[in-house]
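So this block is entry-v2.pdb, PDB, C-alpha atoms:
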ATOM      1  CA  MET A   2       0.000   0.000   0.000
ATOM      2  CA  ARG A   3       2.765   2.445   0.980
ATOM      3  CA  LEU A   4       4.799   1.554  -2.095
ATOM      4  CA  LEU A   5       1.760   2.136  -4.323
ATOM      5  CA  ARG A   6       1.198   5.595  -2.756
ATOM      6  CA  GLN A   7       4.828   6.573  -3.362
ATOM      7  CA  ALA A   8       4.626   5.338  -6.971
ATOM      8  CA  ARG A   9       1.505   7.487  -7.549
ATOM      9  CA  ARG A  10       3.217  10.566  -6.084
ATOM     10  CA  LEU A  11       6.266   9.981  -8.227
ATOM     11  CA  ALA A  12       4.087   9.566 -11.336
ATOM     12  CA  ALA A  13       2.166  12.767 -10.517
ATOM     13  CA  LEU A  14       5.435  14.649 -10.072
ATOM     14  CA  ALA A  15       6.706  13.356 -13.416
ATOM     15  CA  VAL A  16       3.483  14.469 -15.132
ATOM     16  CA  LEU A  17       3.704  17.956 -13.556
ATOM     17  CA  LEU A  18       7.323  18.396 -14.602
ATOM     18  CA  THR A  19       6.573  17.234 -18.138
ATOM     19  CA  LEU A  20       3.601  19.592 -18.454
ATOM     20  CA  SER A  21       5.529  22.556 -17.054
ATOM     21  CA  TRP A  22       8.455  21.977 -19.420
ATOM     22  CA  THR A  23       6.081  21.558 -22.350
ATOM     23  CA  PHE A  24       3.671  24.447 -21.799
ATOM     24  CA  ALA A  25       5.507  26.996 -19.653
ATOM     25  CA  PRO A  26       6.750  30.079 -21.507
ATOM     26  CA  SER A  27      10.478  30.423 -21.762
ATOM     27  CA  ALA A  28      12.041  32.812 -19.293
ATOM     28  CA  VAL A  29      14.302  35.548 -20.522
ATOM     29  CA  ALA A  30      16.914  36.752 -18.114
ATOM     30  CA  GLY A  31      18.343  40.174 -18.525
ATOM     31  CA  GLY A  32      17.103  43.680 -19.030
ATOM     32  CA  PRO A  33      13.888  45.610 -18.964
ATOM     33  CA  THR A  34      10.669  43.961 -20.034
ATOM     34  CA  SER A  35       7.911  46.542 -19.697
ATOM     35  CA  VAL A  36       7.154  50.196 -19.090
ATOM     36  CA  LEU A  37       4.301  51.891 -17.208
ATOM     37  CA  ILE A  38       3.231  55.366 -18.357
ATOM     38  CA  VAL A  39       1.178  57.486 -15.940
ATOM     39  CA  SER A  40      -0.235  60.986 -16.178
ATOM     40  CA  PRO A  41      -1.029  62.090 -12.605
ATOM     41  CA  GLU A  42      -2.853  65.161 -13.929
ATOM     42  CA  SER A  43      -5.362  63.254 -16.065
ATOM     43  CA  ALA A  44      -5.260  59.996 -14.057
ATOM     44  CA  ARG A  45      -4.644  58.063 -17.292
ATOM     45  CA  THR A  46      -2.259  55.154 -17.664
ATOM     46  CA  ALA A  47      -0.762  53.049 -20.434
ATOM     47  CA  SER A  48       1.820  50.329 -20.654
ATOM     48  CA  LEU A  49       4.072  48.713 -23.218
ATOM     49  CA  TYR A  50       5.852  45.398 -23.385
ATOM     50  CA  TYR A  51       9.385  45.159 -24.781
ATOM     51  CA  ALA A  52       8.179  43.252 -27.868
ATOM     52  CA  ASP A  53       5.891  46.156 -28.859
ATOM     53  CA  LYS A  54       7.360  48.413 -31.561
ATOM     54  CA  ASP A  55       6.243  51.474 -29.568
ATOM     55  CA  TYR A  56       8.505  50.357 -26.693
ATOM     56  CA  GLU A  57      11.549  50.950 -28.883
ATOM     57  CA  THR A  58      10.135  54.265 -30.105
ATOM     58  CA  LEU A  59       9.593  55.412 -26.511
ATOM     59  CA  THR A  60      13.148  54.383 -25.660
ATOM     60  CA  GLU A  61      14.448  56.576 -28.480
ATOM     61  CA  LEU A  62      12.195  59.532 -27.582
ATOM     62  CA  LEU A  63      13.353  59.487 -23.962
ATOM     63  CA  ALA A  64      17.016  59.132 -24.885
ATOM     64  CA  ALA A  65      19.285  59.049 -21.877
ATOM     65  CA  PRO A  66      21.255  62.173 -20.943
ATOM     66  CA  GLY A  67      24.118  62.891 -23.268
ATOM     67  CA  SER A  68      22.627  60.915 -26.139
ATOM     68  CA  GLY A  69      21.295  63.710 -28.289
ATOM     69  CA  GLY A  70      19.110  66.215 -26.430
ATOM     70  CA  GLY A  71      20.292  69.772 -25.958
ATOM     71  CA  MET A  72      21.968  70.194 -22.582
ATOM     72  CA  THR A  73      20.885  73.641 -21.462
ATOM     73  CA  GLU A  74      19.862  74.952 -18.053
ATOM     74  CA  PRO A  75      17.165  72.701 -16.494
ATOM     75  CA  PRO A  76      13.808  74.217 -15.588
ATOM     76  CA  SER A  77      13.364  75.976 -12.270
ATOM     77  CA  LEU A  78      11.296  74.251  -9.608
ATOM     78  CA  GLY A  79       8.460  76.713 -10.265
ATOM     79  CA  ALA A  80       8.498  76.021 -14.009
ATOM     80  CA  ALA A  81       8.520  72.278 -13.388
ATOM     81  CA  MET A  82       5.551  72.583 -11.016
ATOM     82  CA  GLU A  83       3.544  74.472 -13.676
ATOM     83  CA  ALA A  84       4.262  71.833 -16.294
ATOM     84  CA  ARG A  85       2.193  68.771 -17.050
ATOM     85  CA  ARG A  86       4.116  65.731 -15.808
ATOM     86  CA  ILE A  87       4.131  62.237 -17.266
ATOM     87  CA  ASN A  88       5.869  59.477 -15.304
ATOM     88  CA  VAL A  89       7.490  56.691 -17.298
ATOM     89  CA  THR A  90       8.568  53.796 -15.074
ATOM     90  CA  TRP A  91      10.783  51.154 -16.669
ATOM     91  CA  MET A  92      10.365  47.701 -15.158
ATOM     92  CA  ALA A  93      12.785  44.787 -14.986
ATOM     93  CA  HIS A  94      11.013  41.449 -15.205
ATOM     94  CA  ASP A  95       7.672  43.319 -15.003
ATOM     95  CA  VAL A  96       7.989  43.784 -11.227
ATOM     96  CA  SER A  97      11.012  45.883 -10.242
ATOM     97  CA  PRO A  98      11.337  49.528 -11.256
ATOM     98  CA  TRP A  99      14.881  50.260 -12.401
ATOM     99  CA  ARG A 100      14.512  53.664 -14.059
ATOM    100  CA  LEU A 101      12.095  56.574 -13.831
ATOM    101  CA  ASP A 102      11.704  59.248 -16.484
ATOM    102  CA  GLN A 103       9.588  62.243 -15.516
ATOM    103  CA  VAL A 104       8.567  64.165 -18.621
ATOM    104  CA  TYR A 105       7.641  67.819 -18.079
ATOM    105  CA  VAL A 106       5.593  69.558 -20.767
ATOM    106  CA  ARG A 107       5.092  73.246 -20.042
ATOM    107  CA  PRO A 108       1.990  74.919 -21.533
ATOM    108  CA  GLY A 109       2.888  77.279 -24.368
ATOM    109  CA  SER A 110       6.451  75.980 -24.672
ATOM    110  CA  ASP A 111       8.095  73.813 -27.314
ATOM    111  CA  THR A 112      10.675  72.571 -24.829
ATOM    112  CA  VAL A 113      10.115  69.208 -23.159
ATOM    113  CA  TRP A 114      12.288  68.417 -20.151
ATOM    114  CA  ILE A 115      13.012  64.930 -18.878
ATOM    115  CA  HIS A 116      14.307  64.068 -15.432
ATOM    116  CA  THR A 117      15.905  60.591 -15.415
ATOM    117  CA  SER A 118      16.683  58.571 -12.297
ATOM    118  CA  ASP A 119      18.313  55.185 -12.667
ATOM    119  CA  ILE A 120      18.411  53.327  -9.407
ATOM    120  CA  ALA A 121      15.565  52.473  -7.038
ATOM    121  CA  PRO A 122      14.900  53.548  -4.339
ATOM    122  CA  SER A 123      16.845  56.781  -4.921
ATOM    123  CA  PHE A 124      14.553  58.174  -7.613
ATOM    124  CA  LEU A 125      14.995  61.623  -6.079
ATOM    125  CA  THR A 126      18.478  61.933  -7.541
ATOM    126  CA  GLY A 127      19.079  61.950 -11.246
ATOM    127  CA  SER A 128      19.763  64.230 -14.152
ATOM    128  CA  TRP A 129      17.844  66.605 -16.389
ATOM    129  CA  HIS A 130      17.968  66.670 -20.145
ATOM    130  CA  GLU A 131      16.010  68.311 -22.878
ATOM    131  CA  ALA A 132      14.086  66.044 -25.249
ATOM    132  CA  ALA A 133      15.758  65.855 -28.641
TER
END
How would this structure read if it were set down as structure tokens?
Amino acid sequence: MRLLRQARRLAALAVLLTLSWTFAPSAVAGGPTSVLIVSPESARTASLYYADKDYETLTELLAAPGSGGGMTEPPSLGAAMEARRINVTWMAHDVSPWRLDQVYVRPGSDTVWIHTSDIAPSFLTGSWHEAA
């Protein structure tokens, strides 16, 4: 009786392992996988997955500091507070934020400022750059 119970458990384990290897999606180790876009002002959200073509476009539009945008004087605190802000949170493995871009669009201005912070939980530090 005991031997039969152990054989059933072993068979069930073998079936579970076979099914998980057969039907489980492959895991990809490495970099970012998704991005969450939030507008606190309008309370609207959107998201993109790394396989989406718009993910790459967003990456290019929010180019990191020193990769193309004009490096002039960043906005004053008052100017930043008047601007519409869009938070772009880059996620690693869809769960851990690793970078935060805060996009500031000031009414009546053609200049878009981006504040980029790289490492959680110190999102308060970072650098400013002008959108290209």
Taking the file as I've supplied it (selection: the PyMOL selection byres ((chain A and resi 111-120) around 6)), which residues are included? Please answer as an MDAnalysis selection string.
chainID A and resid 99:106 110 121 123:124 127:132
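Picked out by the PyMOL selection byres ((chain A and resi 93-95) around 7) when it runs on this file: Gly32, Pro33, Thr34, Ser35, Trp91, Met92, Val96, Ser97, Pro98 and Trp99 of chain A.
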Please produce a file of those selected residues containing C-alpha atoms, as a compact mmCIF listing (two decimals), in the coordinates of the input.
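So the final result, stored in result11.txt, reads:
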# COMPACT_ATOMS: atom_id res chain seq x y z
CA GLY A 32 17.10 43.68 -19.03
CA PRO A 33 13.89 45.61 -18.96
CA THR A 34 10.67 43.96 -20.03
CA SER A 35 7.91 46.54 -19.70
CA TRP A 91 10.78 51.15 -16.67
CA MET A 92 10.36 47.70 -15.16
CA VAL A 96 7.99 43.78 -11.23
CA SER A 97 11.01 45.88 -10.24
CA PRO A 98 11.34 49.53 -11.26
CA TRP A 99 14.88 50.26 -12.40
For each of A:Val89, A:Asp55, A:Glu61, A:Met2, take the minimum atom-to-atom distance to Leu37 (chain A), counting only C-alpha atoms, then give the residue where this is smallest.
A:Val89
Coordinates-based distance that separates CA of Ala133 (chain A) from CA of Leu63 (chain A) (Å, one decimal)
8.3 Å
Set the distance at 12 Å and use all atoms listed in the file: which residues neighbour Ala44 (chain A) once local chain neighbours fewer than 2 positions away are removed? I'd like the list as a VMD selection string.
chain A and resid 38 to 42 46 to 47 85 to 88
Go ahead and find all residues with at least one atom no further than 7 Å from (3.4, 72.7, -17.1) in the file's coordinates, using only C-alpha atoms; report them as a PDB file with C-alpha atoms, keeping the file's coordinate frame.
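Below you can see point18.pdb, which holds the result:
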ATOM      1  CA  ALA A  80       8.498  76.021 -14.009  1.00  0.00           C
ATOM      2  CA  ALA A  81       8.520  72.278 -13.388  1.00  0.00           C
ATOM      3  CA  MET A  82       5.551  72.583 -11.016  1.00  0.00           C
ATOM      4  CA  GLU A  83       3.544  74.472 -13.676  1.00  0.00           C
ATOM      5  CA  ALA A  84       4.262  71.833 -16.294  1.00  0.00           C
ATOM      6  CA  ARG A  85       2.193  68.771 -17.050  1.00  0.00           C
ATOM      7  CA  TYR A 105       7.641  67.819 -18.079  1.00  0.00           C
ATOM      8  CA  VAL A 106       5.593  69.558 -20.767  1.00  0.00           C
ATOM      9  CA  ARG A 107       5.092  73.246 -20.042  1.00  0.00           C
ATOM     10  CA  PRO A 108       1.990  74.919 -21.533  1.00  0.00           C
TER      11      PRO A 108
END
Taking all heavy atoms as the atom set, what does region 96-107 of chain A look like once completed, written as a JSON list (two decimals), in the frame of the given file?
[["chain", "number", "residue", "atom", "x", "y", "z"],
["A", 96, "VAL", "N", 8.30, 43.59, -12.64],
["A", 96, "VAL", "CA", 7.99, 43.78, -11.23],
["A", 96, "VAL", "C", 8.86, 44.81, -10.51],
["A", 96, "VAL", "O", 8.43, 45.41, -9.55],
["A", 96, "VAL", "CB", 8.05, 42.45, -10.44],
["A", 96, "VAL", "CG1", 6.96, 41.52, -10.87],
["A", 96, "VAL", "CG2", 9.40, 41.80, -10.56],
["A", 97, "SER", "N", 10.08, 45.01, -10.96],
["A", 97, "SER", "CA", 11.01, 45.88, -10.24],
["A", 97, "SER", "C", 11.34, 47.12, -11.05],
["A", 97, "SER", "O", 11.91, 47.03, -12.14],
["A", 97, "SER", "CB", 12.32, 45.14, -9.96],
["A", 97, "SER", "OG", 12.08, 44.01, -9.19],
["A", 98, "PRO", "N", 10.97, 48.31, -10.54],
["A", 98, "PRO", "CA", 11.34, 49.53, -11.26],
["A", 98, "PRO", "C", 12.85, 49.72, -11.21],
["A", 98, "PRO", "O", 13.47, 49.56, -10.17],
["A", 98, "PRO", "CB", 10.61, 50.63, -10.50],
["A", 98, "PRO", "CG", 10.30, 50.07, -9.18],
["A", 98, "PRO", "CD", 10.25, 48.58, -9.31],
["A", 99, "TRP", "N", 13.43, 50.04, -12.37],
["A", 99, "TRP", "CA", 14.88, 50.26, -12.40],
["A", 99, "TRP", "C", 15.23, 51.65, -12.92],
["A", 99, "TRP", "O", 16.34, 52.12, -12.75],
["A", 99, "TRP", "CB", 15.58, 49.19, -13.24],
["A", 99, "TRP", "CG", 15.32, 49.30, -14.71],
["A", 99, "TRP", "CD1", 14.27, 48.76, -15.39],
["A", 99, "TRP", "CD2", 16.11, 49.99, -15.68],
["A", 99, "TRP", "NE1", 14.36, 49.08, -16.72],
["A", 99, "TRP", "CE2", 15.49, 49.83, -16.92],
["A", 99, "TRP", "CE3", 17.29, 50.72, -15.61],
["A", 99, "TRP", "CZ2", 15.99, 50.39, -18.10],
["A", 99, "TRP", "CZ3", 17.79, 51.28, -16.77],
["A", 99, "TRP", "CH2", 17.15, 51.11, -18.00],
["A", 100, "ARG", "N", 14.26, 52.31, -13.55],
["A", 100, "ARG", "CA", 14.51, 53.66, -14.06],
["A", 100, "ARG", "C", 13.19, 54.42, -14.07],
["A", 100, "ARG", "O", 12.14, 53.85, -14.35],
["A", 100, "ARG", "CB", 15.08, 53.58, -15.47],
["A", 100, "ARG", "CG", 15.30, 54.93, -16.13],
["A", 100, "ARG", "CD", 15.98, 54.76, -17.46],
["A", 100, "ARG", "NE", 15.39, 55.67, -18.44],
["A", 100, "ARG", "CZ", 15.59, 55.60, -19.73],
["A", 100, "ARG", "NH1", 16.35, 54.66, -20.23],
["A", 100, "ARG", "NH2", 15.03, 56.45, -20.54],
["A", 101, "LEU", "N", 13.27, 55.71, -13.79],
["A", 101, "LEU", "CA", 12.10, 56.57, -13.83],
["A", 101, "LEU", "C", 12.42, 57.80, -14.66],
["A", 101, "LEU", "O", 13.39, 58.50, -14.38],
["A", 101, "LEU", "CB", 11.69, 57.00, -12.42],
["A", 101, "LEU", "CG", 10.57, 58.03, -12.31],
["A", 101, "LEU", "CD1", 9.26, 57.46, -12.84],
["A", 101, "LEU", "CD2", 10.41, 58.50, -10.88],
["A", 102, "ASP", "N", 11.62, 58.02, -15.69],
["A", 102, "ASP", "CA", 11.70, 59.25, -16.48],
["A", 102, "ASP", "C", 10.47, 60.08, -16.16],
["A", 102, "ASP", "O", 9.35, 59.59, -16.27],
["A", 102, "ASP", "CB", 11.72, 58.95, -17.99],
["A", 102, "ASP", "CG", 13.03, 58.38, -18.46],
["A", 102, "ASP", "OD1", 14.07, 58.93, -18.10],
["A", 102, "ASP", "OD2", 13.02, 57.38, -19.21],
["A", 103, "GLN", "N", 10.69, 61.33, -15.74],
["A", 103, "GLN", "CA", 9.59, 62.24, -15.52],
["A", 103, "GLN", "C", 9.65, 63.28, -16.63],
["A", 103, "GLN", "O", 10.62, 64.04, -16.73],
["A", 103, "GLN", "CB", 9.68, 62.89, -14.14],
["A", 103, "GLN", "CG", 9.49, 61.86, -13.04],
["A", 103, "GLN", "CD", 9.64, 62.48, -11.67],
["A", 103, "GLN", "OE1", 10.67, 63.05, -11.36],
["A", 103, "GLN", "NE2", 8.60, 62.36, -10.86],
["A", 104, "VAL", "N", 8.62, 63.29, -17.45],
["A", 104, "VAL", "CA", 8.57, 64.17, -18.62],
["A", 104, "VAL", "C", 7.73, 65.38, -18.25],
["A", 104, "VAL", "O", 6.59, 65.25, -17.80],
["A", 104, "VAL", "CB", 7.94, 63.42, -19.83],
["A", 104, "VAL", "CG1", 7.90, 64.33, -21.05],
["A", 104, "VAL", "CG2", 8.70, 62.14, -20.11],
["A", 105, "TYR", "N", 8.31, 66.57, -18.42],
["A", 105, "TYR", "CA", 7.64, 67.82, -18.08],
["A", 105, "TYR", "C", 7.33, 68.59, -19.36],
["A", 105, "TYR", "O", 8.24, 68.97, -20.09],
["A", 105, "TYR", "CB", 8.52, 68.67, -17.16],
["A", 105, "TYR", "CG", 8.70, 68.06, -15.79],
["A", 105, "TYR", "CD1", 9.72, 67.15, -15.55],
["A", 105, "TYR", "CD2", 7.83, 68.38, -14.75],
["A", 105, "TYR", "CE1", 9.88, 66.58, -14.29],
["A", 105, "TYR", "CE2", 7.99, 67.83, -13.49],
["A", 105, "TYR", "CZ", 9.01, 66.92, -13.27],
["A", 105, "TYR", "OH", 9.16, 66.35, -12.03],
["A", 106, "VAL", "N", 6.05, 68.82, -19.58],
["A", 106, "VAL", "CA", 5.59, 69.56, -20.77],
["A", 106, "VAL", "C", 4.94, 70.84, -20.26],
["A", 106, "VAL", "O", 3.90, 70.81, -19.62],
["A", 106, "VAL", "CB", 4.57, 68.73, -21.58],
["A", 106, "VAL", "CG1", 4.14, 69.49, -22.82],
["A", 106, "VAL", "CG2", 5.14, 67.37, -21.93],
["A", 107, "ARG", "N", 5.59, 71.96, -20.53],
["A", 107, "ARG", "CA", 5.09, 73.25, -20.04],
["A", 107, "ARG", "C", 4.12, 73.85, -21.06],
["A", 107, "ARG", "O", 4.44, 73.91, -22.26],
["A", 107, "ARG", "CB", 6.27, 74.18, -19.81],
["A", 107, "ARG", "CG", 5.89, 75.36, -18.98],
["A", 107, "ARG", "CD", 7.11, 75.95, -18.33],
["A", 107, "ARG", "NE", 6.68, 77.14, -17.63],
["A", 107, "ARG", "CZ", 7.40, 78.23, -17.54],
["A", 107, "ARG", "NH1", 8.59, 78.29, -18.07],
["A", 107, "ARG", "NH2", 6.94, 79.27, -16.89]]
